[in-house]
>>> print(open('my_file.pdb').read())   # PDB, C-alpha atoms and all ligand atoms
MODEL        1
ATOM      1  CA  MET A 205     254.745  94.317 233.604
ATOM      2  CA  GLY A 206     252.014  96.784 234.481
ATOM      3  CA  ILE A 207     249.295  97.780 232.052
ATOM      4  CA  ALA A 208     249.714 101.199 230.422
ATOM      5  CA  PHE A 209     247.046 103.722 229.446
ATOM      6  CA  VAL A 210     248.089 103.449 225.778
ATOM      7  CA  GLU A 211     246.861  99.847 225.871
ATOM      8  CA  LEU A 212     243.384 101.160 226.700
ATOM      9  CA  LEU A 213     243.552 103.552 223.762
ATOM     10  CA  ALA A 214     244.669 100.702 221.502
ATOM     11  CA  ALA A 215     241.841  98.513 222.815
ATOM     12  CA  ARG A 216     239.378 101.259 222.019
ATOM     13  CA  ALA A 217     240.695 101.655 218.479
ATOM     14  CA  ARG A 218     240.379  97.880 217.912
ATOM     15  CA  THR A 219     236.904  97.502 219.393
ATOM     16  CA  SER A 220     234.845 100.674 218.983
ATOM     17  CA  ALA A 221     233.198  99.542 215.738
ATOM     18  CA  HIS A 222     231.824  96.499 217.614
ATOM     19  CA  LEU A 223     230.557  98.258 220.744
ATOM     20  CA  ARG A 224     227.762 100.595 221.694
ATOM     21  CA  ARG A 225     228.502 103.939 223.242
ATOM     22  CA  THR A 226     226.136 103.643 226.200
ATOM     23  CA  PRO A 227     223.953 106.475 227.551
ATOM     24  CA  LEU A 228     224.921 108.643 230.506
ATOM     25  CA  PHE A 229     222.112 110.426 232.330
ATOM     26  CA  GLU A 230     221.443 112.162 235.597
ATOM     27  CA  SER A 231     219.333 110.682 238.361
ATOM     28  CA  PRO A 232     217.350 113.682 239.648
ATOM     29  CA  SER A 233     216.272 111.902 242.816
ATOM     30  CA  LEU A 234     219.782 110.673 243.721
ATOM     31  CA  SER A 235     221.109 114.176 242.984
ATOM     32  CA  ALA A 236     218.463 115.738 245.232
ATOM     33  CA  ARG A 237     219.211 113.246 248.020
ATOM     34  CA  SER A 238     222.955 113.776 247.971
ATOM     35  CA  GLY A 239     223.120 117.478 247.111
ATOM     36  CA  HIS A 240     225.488 116.775 244.192
ATOM     37  CA  PRO A 241     224.871 115.664 240.600
ATOM     38  CA  VAL A 242     224.639 111.865 240.415
ATOM     39  CA  LEU A 243     225.094 110.388 236.923
ATOM     40  CA  LEU A 244     224.205 106.868 235.813
ATOM     41  CA  LYS A 245     226.303 105.246 233.089
ATOM     42  CA  ALA A 246     223.837 102.841 231.490
ATOM     43  CA  GLU A 247     226.304 100.184 230.431
ATOM     44  CA  HIS A 248     223.620  97.560 230.959
ATOM     45  CA  HIS A 249     222.470  98.705 227.501
ATOM     46  CA  GLN A 250     225.720  97.376 226.016
ATOM     47  CA  THR A 251     225.286  94.551 223.477
ATOM     48  CA  THR A 252     224.859  91.210 225.372
ATOM     49  CA  GLY A 253     223.557  93.152 228.375
ATOM     50  CA  SER A 254     226.832  93.869 230.158
ATOM     51  CA  PHE A 255     230.189  95.623 229.864
ATOM     52  CA  LYS A 256     231.905  92.210 229.569
ATOM     53  CA  LEU A 257     231.731  92.560 225.780
ATOM     54  CA  ARG A 258     234.374  95.310 225.965
ATOM     55  CA  GLY A 259     236.966  92.979 227.480
ATOM     56  CA  ALA A 260     236.047  89.980 225.332
ATOM     57  CA  MET A 261     236.184  92.039 222.129
ATOM     58  CA  SER A 262     239.482  93.589 223.183
ATOM     59  CA  ALA A 263     241.047  90.192 223.887
ATOM     60  CA  LEU A 264     239.823  88.606 220.654
ATOM     61  CA  THR A 265     240.907  91.494 218.442
ATOM     62  CA  ALA A 266     244.350  91.391 220.087
ATOM     63  CA  LEU A 267     244.926  87.778 218.993
ATOM     64  CA  ASP A 268     246.706  87.198 215.704
ATOM     65  CA  GLU A 269     244.524  85.767 212.987
ATOM     66  CA  LYS A 270     245.908  82.261 213.298
ATOM     67  CA  ALA A 271     245.313  82.016 217.039
ATOM     68  CA  ARG A 272     241.866  83.554 216.740
ATOM     69  CA  GLY A 273     240.964  81.114 213.979
ATOM     70  CA  ARG A 274     241.583  78.128 216.261
ATOM     71  CA  GLY A 275     238.801  79.300 218.562
ATOM     72  CA  VAL A 276     238.462  80.669 222.082
ATOM     73  CA  CYS A 277     237.120  79.180 225.294
ATOM     74  CA  ALA A 278     236.166  80.009 228.868
ATOM     75  CA  ALA A 279     234.386  78.441 231.813
ATOM     76  CA  SER A 280     231.943  81.278 232.490
ATOM     77  CA  THR A 281     228.219  80.631 232.666
ATOM     78  CA  GLY A 282     227.289  84.266 232.999
ATOM     79  CA  ASN A 283     228.027  87.595 231.351
ATOM     80  CA  HIS A 284     231.575  86.727 230.281
ATOM     81  CA  GLY A 285     230.345  83.599 228.520
ATOM     82  CA  ARG A 286     227.696  85.574 226.662
ATOM     83  CA  ALA A 287     230.178  88.267 225.713
ATOM     84  CA  LEU A 288     232.761  85.786 224.461
ATOM     85  CA  ALA A 289     230.154  83.932 222.413
ATOM     86  CA  HIS A 290     228.970  87.162 220.810
ATOM     87  CA  ALA A 291     232.492  88.464 220.167
ATOM     88  CA  ALA A 292     233.602  85.194 218.578
ATOM     89  CA  ARG A 293     230.644  85.155 216.237
ATOM     90  CA  ALA A 294     231.110  88.822 215.310
ATOM     91  CA  LEU A 295     234.745  88.126 214.431
ATOM     92  CA  GLY A 296     234.037  84.922 212.539
ATOM     93  CA  THR A 297     235.570  82.397 214.906
ATOM     94  CA  ARG A 298     234.208  79.852 217.353
ATOM     95  CA  ALA A 299     233.783  79.940 221.096
ATOM     96  CA  ALA A 300     233.459  76.930 223.376
ATOM     97  CA  ILE A 301     231.920  77.652 226.766
ATOM     98  CA  CYS A 302     232.452  74.951 229.381
ATOM     99  CA  MET A 303     229.965  74.537 232.212
ATOM    100  CA  SER A 304     229.018  71.986 234.800
ATOM    101  CA  ALA A 305     225.866  69.898 234.635
ATOM    102  CA  LEU A 306     224.448  72.037 237.460
ATOM    103  CA  VAL A 307     224.119  75.149 235.288
ATOM    104  CA  PRO A 308     220.406  75.786 234.664
ATOM    105  CA  ALA A 309     218.976  75.185 231.208
ATOM    106  CA  ASN A 310     218.051  78.841 230.590
ATOM    107  CA  LYS A 311     221.681  79.914 231.068
ATOM    108  CA  ARG A 312     222.898  77.228 228.692
ATOM    109  CA  ALA A 313     220.313  78.283 226.129
ATOM    110  CA  ALA A 314     221.328  81.957 226.319
ATOM    111  CA  VAL A 315     224.954  81.146 225.468
ATOM    112  CA  LYS A 316     223.978  78.641 222.809
ATOM    113  CA  ALA A 317     221.675  81.160 221.148
ATOM    114  CA  LEU A 318     224.703  83.398 220.662
ATOM    115  CA  GLY A 319     226.336  80.691 218.556
ATOM    116  CA  ALA A 320     228.828  79.215 221.013
ATOM    117  CA  SER A 321     229.225  75.502 221.529
ATOM    118  CA  ILE A 322     228.502  74.334 225.040
ATOM    119  CA  ARG A 323     230.487  71.606 226.747
ATOM    120  CA  ILE A 324     228.807  70.183 229.809
ATOM    121  CA  VAL A 325     231.297  68.450 232.106
ATOM    122  CA  GLY A 326     231.187  67.321 235.713
ATOM    123  CA  ASN A 327     229.389  68.940 238.607
ATOM    124  CA  SER A 328     231.489  71.919 239.579
ATOM    125  CA  GLN A 329     233.170  75.036 238.264
ATOM    126  CA  ASP A 330     236.505  73.232 238.767
ATOM    127  CA  ASP A 331     235.415  70.457 236.390
ATOM    128  CA  ALA A 332     234.425  73.090 233.819
ATOM    129  CA  GLN A 333     237.800  74.795 234.241
ATOM    130  CA  ALA A 334     239.595  71.457 233.746
ATOM    131  CA  GLU A 335     237.747  71.057 230.439
ATOM    132  CA  VAL A 336     238.957  74.518 229.372
ATOM    133  CA  LYS A 337     242.565  73.438 230.007
ATOM    134  CA  LYS A 338     241.934  70.317 227.944
ATOM    135  CA  LEU A 339     240.589  72.316 224.991
ATOM    136  CA  VAL A 340     243.645  74.556 225.159
ATOM    137  CA  ALA A 341     246.096  71.631 225.318
ATOM    138  CA  GLU A 342     244.427  69.313 222.810
ATOM    139  CA  LYS A 343     242.658  71.584 220.321
ATOM    140  CA  GLY A 344     244.721  74.763 220.443
ATOM    141  CA  PHE A 345     241.870  76.923 221.709
ATOM    142  CA  CYS A 346     242.842  80.186 223.372
ATOM    143  CA  GLU A 347     241.471  80.651 226.877
ATOM    144  CA  ILE A 348     240.043  84.105 227.540
ATOM    145  CA  PRO A 349     239.659  84.544 231.304
ATOM    146  CA  PRO A 350     236.936  86.844 232.678
ATOM    147  CA  PHE A 351     239.095  89.457 234.429
ATOM    148  CA  ASP A 352     242.786  88.717 235.120
ATOM    149  CA  HIS A 353     244.103  89.307 231.591
ATOM    150  CA  ARG A 354     245.739  92.444 230.253
ATOM    151  CA  ASP A 355     243.678  92.782 227.065
ATOM    152  CA  VAL A 356     240.466  92.115 228.990
ATOM    153  CA  ILE A 357     241.379  94.811 231.533
ATOM    154  CA  ALA A 358     242.306  97.220 228.723
ATOM    155  CA  GLY A 359     238.928  96.579 227.099
ATOM    156  CA  GLN A 360     237.031  97.238 230.330
ATOM    157  CA  GLY A 361     239.064 100.420 230.695
ATOM    158  CA  THR A 362     237.451 101.818 227.539
ATOM    159  CA  LEU A 363     234.351 102.301 229.669
ATOM    160  CA  GLY A 364     236.334 104.658 231.900
ATOM    161  CA  ILE A 365     237.609 106.661 228.921
ATOM    162  CA  GLU A 366     234.088 106.964 227.515
ATOM    163  CA  LEU A 367     232.723 108.103 230.884
ATOM    164  CA  LEU A 368     235.345 110.812 231.415
ATOM    165  CA  GLU A 369     234.948 112.156 227.898
ATOM    166  CA  GLU A 370     231.290 112.762 228.693
ATOM    167  CA  ALA A 371     231.724 113.836 232.325
ATOM    168  CA  PRO A 372     235.220 115.261 232.836
ATOM    169  CA  GLU A 373     234.520 116.881 236.228
ATOM    170  CA  LEU A 374     233.716 113.891 238.411
ATOM    171  CA  GLU A 375     234.619 113.826 242.092
ATOM    172  CA  ALA A 376     234.021 110.054 242.318
ATOM    173  CA  VAL A 377     233.156 106.975 240.259
ATOM    174  CA  LEU A 378     231.493 103.959 241.903
ATOM    175  CA  VAL A 379     232.307 100.633 240.250
ATOM    176  CA  PRO A 380     230.853  97.169 240.972
ATOM    177  CA  LEU A 381     233.769  94.965 242.031
ATOM    178  CA  SER A 382     234.304  91.215 241.765
ATOM    179  CA  GLY A 383     237.491  89.880 240.165
ATOM    180  CA  GLY A 384     238.488  93.471 239.504
ATOM    181  CA  GLY A 385     238.970  93.538 235.729
ATOM    182  CA  LEU A 386     236.449  96.323 235.351
ATOM    183  CA  ILE A 387     237.683  98.502 238.174
ATOM    184  CA  ALA A 388     241.350  97.959 237.224
ATOM    185  CA  GLY A 389     240.730  99.231 233.693
ATOM    186  CA  VAL A 390     238.396 102.027 234.751
ATOM    187  CA  ALA A 391     240.748 103.183 237.521
ATOM    188  CA  LEU A 392     243.677 103.276 235.101
ATOM    189  CA  ALA A 393     241.620 105.483 232.763
ATOM    190  CA  VAL A 394     240.372 107.715 235.576
ATOM    191  CA  LYS A 395     243.737 108.185 237.300
ATOM    192  CA  THR A 396     245.313 109.047 233.929
ATOM    193  CA  MET A 397     242.637 111.421 232.646
ATOM    194  CA  SER A 398     241.470 112.931 235.955
ATOM    195  CA  PRO A 399     243.843 112.038 238.816
ATOM    196  CA  ALA A 400     241.812 113.783 241.538
ATOM    197  CA  THR A 401     238.682 111.741 240.824
ATOM    198  CA  ARG A 402     238.171 109.027 243.441
ATOM    199  CA  VAL A 403     237.527 105.451 242.325
ATOM    200  CA  ILE A 404     235.390 103.446 244.748
ATOM    201  CA  GLY A 405     234.774  99.706 244.446
ATOM    202  CA  VAL A 406     231.451  98.320 245.644
ATOM    203  CA  SER A 407     230.854  94.649 246.475
ATOM    204  CA  MET A 408     228.192  92.700 248.313
ATOM    205  CA  GLU A 409     228.842  91.843 251.956
ATOM    206  CA  ARG A 410     228.265  88.157 251.204
ATOM    207  CA  GLY A 411     231.543  86.796 249.776
ATOM    208  CA  ALA A 412     233.392  90.022 248.942
ATOM    209  CA  ALA A 413     236.549  88.284 247.719
ATOM    210  CA  MET A 414     238.618  91.266 246.545
ATOM    211  CA  ALA A 415     237.793  93.316 249.658
ATOM    212  CA  LEU A 416     238.958  90.480 251.925
ATOM    213  CA  CYS A 417     242.120  89.890 249.886
ATOM    214  CA  GLN A 418     243.002  93.598 249.990
ATOM    215  CA  LYS A 419     242.451  93.680 253.738
ATOM    216  CA  ALA A 420     244.719  90.658 254.188
ATOM    217  CA  GLY A 421     247.262  92.145 251.783
ATOM    218  CA  ARG A 422     247.442  88.852 249.873
ATOM    219  CA  TYR A 423     245.301  86.186 248.264
ATOM    220  CA  VAL A 424     242.867  84.471 250.617
ATOM    221  CA  ALA A 425     240.278  81.873 249.645
ATOM    222  CA  VAL A 426     236.739  83.201 250.106
ATOM    223  CA  GLU A 427     233.712  80.965 250.287
ATOM    224  CA  GLU A 428     231.151  81.662 247.578
ATOM    225  CA  VAL A 429     227.640  82.175 248.930
ATOM    226  CA  GLU A 430     224.346  82.971 247.271
ATOM    227  CA  THR A 431     223.666  86.660 246.665
ATOM    228  CA  LEU A 432     221.396  88.854 244.576
ATOM    229  CA  ALA A 433     224.607  90.179 243.010
ATOM    230  CA  ASP A 434     225.380  86.784 241.463
ATOM    231  CA  SER A 435     227.668  88.251 238.765
ATOM    232  CA  LEU A 436     229.964  89.423 241.577
ATOM    233  CA  GLY A 437     230.473  85.917 243.015
ATOM    234  CA  GLY A 438     233.722  83.938 242.879
ATOM    235  CA  GLY A 439     237.316  84.503 243.943
ATOM    236  CA  ILE A 440     240.155  86.562 242.473
ATOM    237  CA  GLY A 441     242.370  83.558 241.655
ATOM    238  CA  ALA A 442     245.253  82.234 243.770
ATOM    239  CA  ASN A 443     247.735  83.207 241.040
ATOM    240  CA  ASN A 444     246.291  86.660 240.393
ATOM    241  CA  ALA A 445     248.646  88.471 238.008
ATOM    242  CA  HIS A 446     247.106  91.922 237.519
ATOM    243  CA  THR A 447     243.918  92.927 239.271
ATOM    244  CA  PHE A 448     244.973  92.508 242.909
ATOM    245  CA  ALA A 449     247.917  94.892 242.462
ATOM    246  CA  MET A 450     245.940  97.363 240.339
ATOM    247  CA  VAL A 451     243.145  97.552 242.902
ATOM    248  CA  ARG A 452     245.718  98.032 245.672
ATOM    249  CA  ASP A 453     247.486 100.825 243.770
ATOM    250  CA  LEU A 454     244.650 102.652 241.993
ATOM    251  CA  VAL A 455     241.426 102.212 243.959
ATOM    252  CA  ASP A 456     240.686 104.698 246.751
ATOM    253  CA  ASP A 457     238.224 102.659 248.797
ATOM    254  CA  ILE A 458     235.985  99.588 248.773
ATOM    255  CA  VAL A 459     232.528  99.669 250.342
ATOM    256  CA  LEU A 460     230.177  96.748 250.971
ATOM    257  CA  VAL A 461     226.390  96.631 250.725
ATOM    258  CA  ASP A 462     223.910  94.124 252.143
ATOM    259  CA  GLU A 463     221.242  92.133 250.329
ATOM    260  CA  ALA A 464     218.372  94.383 251.424
ATOM    261  CA  ALA A 465     220.141  97.431 249.977
ATOM    262  CA  ILE A 466     220.767  95.604 246.679
ATOM    263  CA  ALA A 467     217.082  94.702 246.432
ATOM    264  CA  GLN A 468     216.125  98.288 247.206
ATOM    265  CA  ALA A 469     218.495  99.538 244.482
ATOM    266  CA  ILE A 470     217.018  97.164 241.877
ATOM    267  CA  ARG A 471     213.576  98.538 242.777
ATOM    268  CA  PHE A 472     214.860 102.104 242.651
ATOM    269  CA  ALA A 473     216.291 101.669 239.128
ATOM    270  CA  TYR A 474     212.958 100.271 238.008
ATOM    271  CA  PHE A 475     210.547 102.714 239.643
ATOM    272  CA  ALA A 476     212.600 105.911 239.382
ATOM    273  CA  HIS A 477     214.139 105.273 235.941
ATOM    274  CA  GLY A 478     212.274 102.400 234.292
ATOM    275  CA  GLU A 479     215.535 100.465 234.082
ATOM    276  CA  VAL A 480     215.942  96.726 234.611
ATOM    277  CA  ILE A 481     219.341  96.064 236.175
ATOM    278  CA  GLU A 482     220.825  92.956 237.745
ATOM    279  CA  GLY A 483     222.024  92.759 241.333
ATOM    280  CA  ALA A 484     225.695  93.251 240.449
ATOM    281  CA  ALA A 485     224.837  96.486 238.644
ATOM    282  CA  ALA A 486     222.731  97.713 241.552
ATOM    283  CA  VAL A 487     225.518  97.802 244.149
ATOM    284  CA  PRO A 488     226.667 101.410 243.463
ATOM    285  CA  VAL A 489     223.067 102.620 243.742
ATOM    286  CA  ALA A 490     222.721 100.558 246.920
ATOM    287  CA  ALA A 491     225.818 102.250 248.366
ATOM    288  CA  LEU A 492     224.175 105.661 247.947
ATOM    289  CA  LEU A 493     220.710 104.632 249.118
ATOM    290  CA  ALA A 494     222.106 102.887 252.217
ATOM    291  CA  GLU A 495     224.489 105.799 252.889
ATOM    292  CA  LYS A 496     227.578 103.600 252.674
ATOM    293  CA  PHE A 497     229.013 106.264 250.411
ATOM    294  CA  THR A 498     228.448 110.010 250.710
ATOM    295  CA  PRO A 499     229.022 112.093 247.542
ATOM    296  CA  ARG A 500     231.285 115.127 247.965
ATOM    297  CA  GLY A 501     230.784 116.337 244.403
ATOM    298  CA  PRO A 502     229.605 115.088 240.989
ATOM    299  CA  THR A 503     229.451 111.298 241.181
ATOM    300  CA  ALA A 504     229.030 108.623 238.500
ATOM    301  CA  LEU A 505     227.599 105.160 239.144
ATOM    302  CA  LEU A 506     228.351 102.372 236.670
ATOM    303  CA  LEU A 507     225.289 100.244 235.907
ATOM    304  CA  THR A 508     227.134  97.209 234.587
ATOM    305  CA  GLY A 509     224.530  94.665 233.499
ATOM    306  CA  LYS A 510     220.904  93.740 233.049
ATOM    307  CA  ASN A 511     221.007  89.942 232.970
ATOM    308  CA  ILE A 512     218.811  89.113 235.921
ATOM    309  CA  ASP A 513     216.321  86.247 235.945
ATOM    310  CA  MET A 514     213.117  88.074 234.979
ATOM    311  CA  ARG A 515     211.004  86.153 237.485
ATOM    312  CA  THR A 516     213.360  87.166 240.259
ATOM    313  CA  HIS A 517     213.138  90.743 239.045
ATOM    314  CA  LEU A 518     209.352  90.620 238.893
ATOM    315  CA  ALA A 519     209.184  89.284 242.444
ATOM    316  CA  LEU A 520     211.534  92.019 243.693
ATOM    317  CA  VAL A 521     209.652  94.909 242.114
ATOM    318  CA  SER A 522     206.303  93.461 243.173
ATOM    319  CA  GLU A 523     207.181  93.576 246.854
ATOM    320  CA  THR A 524     205.129  96.241 248.536
ATOM    321  CA  ALA A 525     207.865  97.632 250.764
ATOM    322  CA  HIS A 526     209.374 100.299 248.494
ATOM    323  CA  ALA A 527     211.674 101.818 251.045
TER     324      ALA A 527
HETATM  325  C1  LIG A 601     231.581  90.682 235.814
HETATM  326  C2  LIG A 601     230.649  91.707 236.310
HETATM  327  C3  LIG A 601     231.034  92.655 237.285
HETATM  328  C4  LIG A 601     232.375  92.637 237.976
HETATM  329  O1  LIG A 601     233.472  92.735 237.101
HETATM  330  P1  LIG A 601     234.919  92.292 237.572
HETATM  331  O2  LIG A 601     235.808  92.641 236.441
HETATM  332  O3  LIG A 601     234.889  90.802 237.807
HETATM  333  O4  LIG A 601     235.222  93.018 238.835
HETATM  334  C5  LIG A 601     230.114  93.635 237.626
HETATM  335  N1  LIG A 601     228.878  93.675 237.085
HETATM  336  C6  LIG A 601     228.478  92.778 236.170
HETATM  337  C7  LIG A 601     227.104  92.885 235.627
HETATM  338  C8  LIG A 601     229.348  91.768 235.738
HETATM  339  O5  LIG A 601     228.931  90.877 234.820
ENDMDL
END
>>> encode(input="my_file.pdb", output="structure tokens")
Amino acid sequence: MGIAFVELLAARARTSAHLRRTPLFESPSLSARSGHPVLLKAEHHQTTGSFKLRGAMSALTALDEKARGRGVCAASTGNHGRALAHAARALGTRAAICMSALVPANKRAAVKALGASIRIVGNSQDDAQAEVKKLVAEKGFCEIPPFDHRDVIAGQGTLGIELLEEAPELEAVLVPLSGGGLIAGVALAVKTMSPATRVIGVSMERGAAMALCQKAGRYVAVEEVETLADSLGGGIGANNAHTFAMVRDLVDDIVLVDEAAIAQAIRFAYFAHGEVIEGAAAVPVAALLAEKFTPRGPTALLLTGKNIDMRTHLALVSETAHA
């Protein structure tokens, strides 16, 4: 069954005490360039450094007390893992995050510091996922997937509600797109509250899984390659239950940006606004700077996360070519 707008409202009621309301501000230089107001939703200032906390908190608060008490688990090494660890601790339960031995020590430490237990298994994401299934079967843990889950999508949708309350007259919203949990929830909010507002997904050219699946009209396997937008890597799942259909039905367009544009957008956020954002969060800015998207009216860009390796960031902003 499809997800209804009331589920987003319910998710907001369950989670708002645990979440920050993130700032929304105008980018004078992007507005001047495009001839229309361009607003930045600074969701990278959310607790844990990304919007993923909205979905994790929504999913955990939707569990009954008994299920929640047994603990939750996931195989994410990135923002979802952090968010789940934080949410579990805030709600007084435990999180187990499974990762392969190839995950770098700093990423393990970040999740561990949030109070989750780390299980290192095998040498691939598939091995980590197999361990998740084992925890579910043997210990009664509840798996919370990163995007294809109705309570996760409803939680991400609270970002869309918050945005439209603050900026009701938007012509378009640009949303970083990977598995599609964020854009599914945001698009449901936008199409309910302001049906004429366009919702545009933005992915990197390198391994744009959802874009390729939508083009094919069905699930296709997409090879994962290295990209500055590392939080946008990975497929949509062969048994996708929600996000493929929601993107097909609610999203107006998907645009792709290259690595040079992502780097330029990270530099832009830093030099024009003093903001540190990760590659995944930079893709909407990149779409404007590279003229892959042309505003026709007031436009909002979602800055989704800030968890970039700081040495990578330093190297990017130190490059002399500030195009
Ligand atoms: C997960 C993530 C996304 C993409 O969200 P999906 O729901 O997978 O489409 C975008 N930006 C950041 C920073 C993320 O962590």
>>> resolve_selection(input="my_file.pdb", expression="the PyMOL selection byres (((chain A and resi 423) around 10) and not hetatm)", output="list in words")
Ala413, Met414, Leu416, Cys417, Gln418, Lys419, Ala420, Gly421, Arg422, Val424, Ala425, Val426, Gly439, Ile440, Gly441, Ala442, Asn443, Asn444 and Phe448 of chain A
>>> closest_atom_pairs(input="my_file.pdb", of="chain A", to="ligand LIG 601 (chain A)", cutoff="8 Å", atoms="all atoms listed in the file", output="JSON lines")
{"residue": "A:His248", "atom": "CA", "partner": "A:LIG601", "partner_atom": "C7", "distance": 7.5}
{"residue": "A:Ser254", "atom": "CA", "partner": "A:LIG601", "partner_atom": "C7", "distance": 5.6}
{"residue": "A:Phe255", "atom": "CA", "partner": "A:LIG601", "partner_atom": "O5", "distance": 7.0}
{"residue": "A:Lys256", "atom": "CA", "partner": "A:LIG601", "partner_atom": "O5", "distance": 6.2}
{"residue": "A:Gly282", "atom": "CA", "partner": "A:LIG601", "partner_atom": "O5", "distance": 7.1}
{"residue": "A:Asn283", "atom": "CA", "partner": "A:LIG601", "partner_atom": "O5", "distance": 4.9}
{"residue": "A:His284", "atom": "CA", "partner": "A:LIG601", "partner_atom": "O5", "distance": 6.7}
{"residue": "A:Pro350", "atom": "CA", "partner": "A:LIG601", "partner_atom": "O3", "distance": 6.8}
{"residue": "A:Phe351", "atom": "CA", "partner": "A:LIG601", "partner_atom": "O2", "distance": 5.0}
{"residue": "A:Ile357", "atom": "CA", "partner": "A:LIG601", "partner_atom": "O2", "distance": 7.7}
{"residue": "A:Gln360", "atom": "CA", "partner": "A:LIG601", "partner_atom": "O2", "distance": 7.7}
{"residue": "A:Val379", "atom": "CA", "partner": "A:LIG601", "partner_atom": "C5", "distance": 7.8}
{"residue": "A:Pro380", "atom": "CA", "partner": "A:LIG601", "partner_atom": "C5", "distance": 4.9}
{"residue": "A:Leu381", "atom": "CA", "partner": "A:LIG601", "partner_atom": "O4", "distance": 4.0}
{"residue": "A:Ser382", "atom": "CA", "partner": "A:LIG601", "partner_atom": "O4", "distance": 3.6}
{"residue": "A:Gly383", "atom": "CA", "partner": "A:LIG601", "partner_atom": "O3", "distance": 3.6}
{"residue": "A:Gly384", "atom": "CA", "partner": "A:LIG601", "partner_atom": "O4", "distance": 3.4}
{"residue": "A:Gly385", "atom": "CA", "partner": "A:LIG601", "partner_atom": "O2", "distance": 3.4}
{"residue": "A:Leu386", "atom": "CA", "partner": "A:LIG601", "partner_atom": "O2", "distance": 3.9}
{"residue": "A:Ile387", "atom": "CA", "partner": "A:LIG601", "partner_atom": "O4", "distance": 6.0}
{"residue": "A:Ala388", "atom": "CA", "partner": "A:LIG601", "partner_atom": "O2", "distance": 7.7}
{"residue": "A:Ser435", "atom": "CA", "partner": "A:LIG601", "partner_atom": "O5", "distance": 4.9}
{"residue": "A:Leu436", "atom": "CA", "partner": "A:LIG601", "partner_atom": "C4", "distance": 5.4}
{"residue": "A:Glu482", "atom": "CA", "partner": "A:LIG601", "partner_atom": "C7", "distance": 6.6}
{"residue": "A:Gly483", "atom": "CA", "partner": "A:LIG601", "partner_atom": "C7", "distance": 7.6}
{"residue": "A:Ala484", "atom": "CA", "partner": "A:LIG601", "partner_atom": "N1", "distance": 4.7}
{"residue": "A:Ala485", "atom": "CA", "partner": "A:LIG601", "partner_atom": "N1", "distance": 5.2}
{"residue": "A:Leu507", "atom": "CA", "partner": "A:LIG601", "partner_atom": "N1", "distance": 7.6}
{"residue": "A:Thr508", "atom": "CA", "partner": "A:LIG601", "partner_atom": "C7", "distance": 4.4}
{"residue": "A:Gly509", "atom": "CA", "partner": "A:LIG601", "partner_atom": "C7", "distance": 3.8}
{"residue": "A:Lys510", "atom": "CA", "partner": "A:LIG601", "partner_atom": "C7", "distance": 6.8}
{"residue": "A:Asn511", "atom": "CA", "partner": "A:LIG601", "partner_atom": "C7", "distance": 7.3}
>>> closest_residue(input="my_file.pdb", among="A:Ala490, A:Leu454, A:Leu223, A:Ala300", to="Gln333 of chain A", atoms="only C-alpha atoms")
A:Ala300
>>> closest_residue(input="my_file.pdb", among="A:Ala433, A:Leu460, A:Leu378, A:Val455", to="Ile512 of chain A", atoms="only C-alpha atoms")
A:Ala433
>>> atom_distance(input="my_file.pdb", atom1="atom CA of Pro349 of chain A", atom2="atom CA of Ala504 of chain A")
27.3 Å
>>> atom_distance(input="my_file.pdb", atom1="atom CA of Met408 of chain A", atom2="atom CA of His517 of chain A")
17.8 Å
>>> resolve_selection(input="my_file.pdb", expression="the PyMOL selection byres (((chain A and resi 314) around 10) and not hetatm)", output="JSON, numbers by chain")
{"A": [252, 281, 282, 285, 286, 289, 309, 310, 311, 312, 313, 315, 316, 317, 318, 319, 320]}
>>> closest_residue(input="my_file.pdb", among="A:Ala291, A:Leu392, A:Val429, A:Leu363", to="Leu505 of chain A", atoms="all atoms listed in the file")
A:Leu363
>>> closest_residue(input="my_file.pdb", among="A:Thr503, A:Ala260, A:Arg274, A:Arg452", to="Glu342 of chain A", atoms="only C-alpha atoms")
A:Arg274
>>> resolve_selection(input="my_file.pdb", expression="the PyMOL selection byres (((chain A and resi 304) around 8) and not hetatm)", output="number ranges by chain")
A: 302-303, 305-307, 324-329, 331-332
>>> closest_residue(input="my_file.pdb", among="A:Gly437, A:Pro308, A:Pro399, A:Gly344", to="Glu375 of chain A", atoms="all atoms listed in the file")
A:Pro399
>>> atom_distance(input="my_file.pdb", atom1="atom CA of Leu506 of chain A", atom2="atom CA of Ser238 of chain A")
16.9 Å
>>> closest_residue(input="my_file.pdb", among="A:Val394, A:Val276, A:Ile207, A:Met514", to="Lys337 of chain A", atoms="only C-alpha atoms")
A:Val276
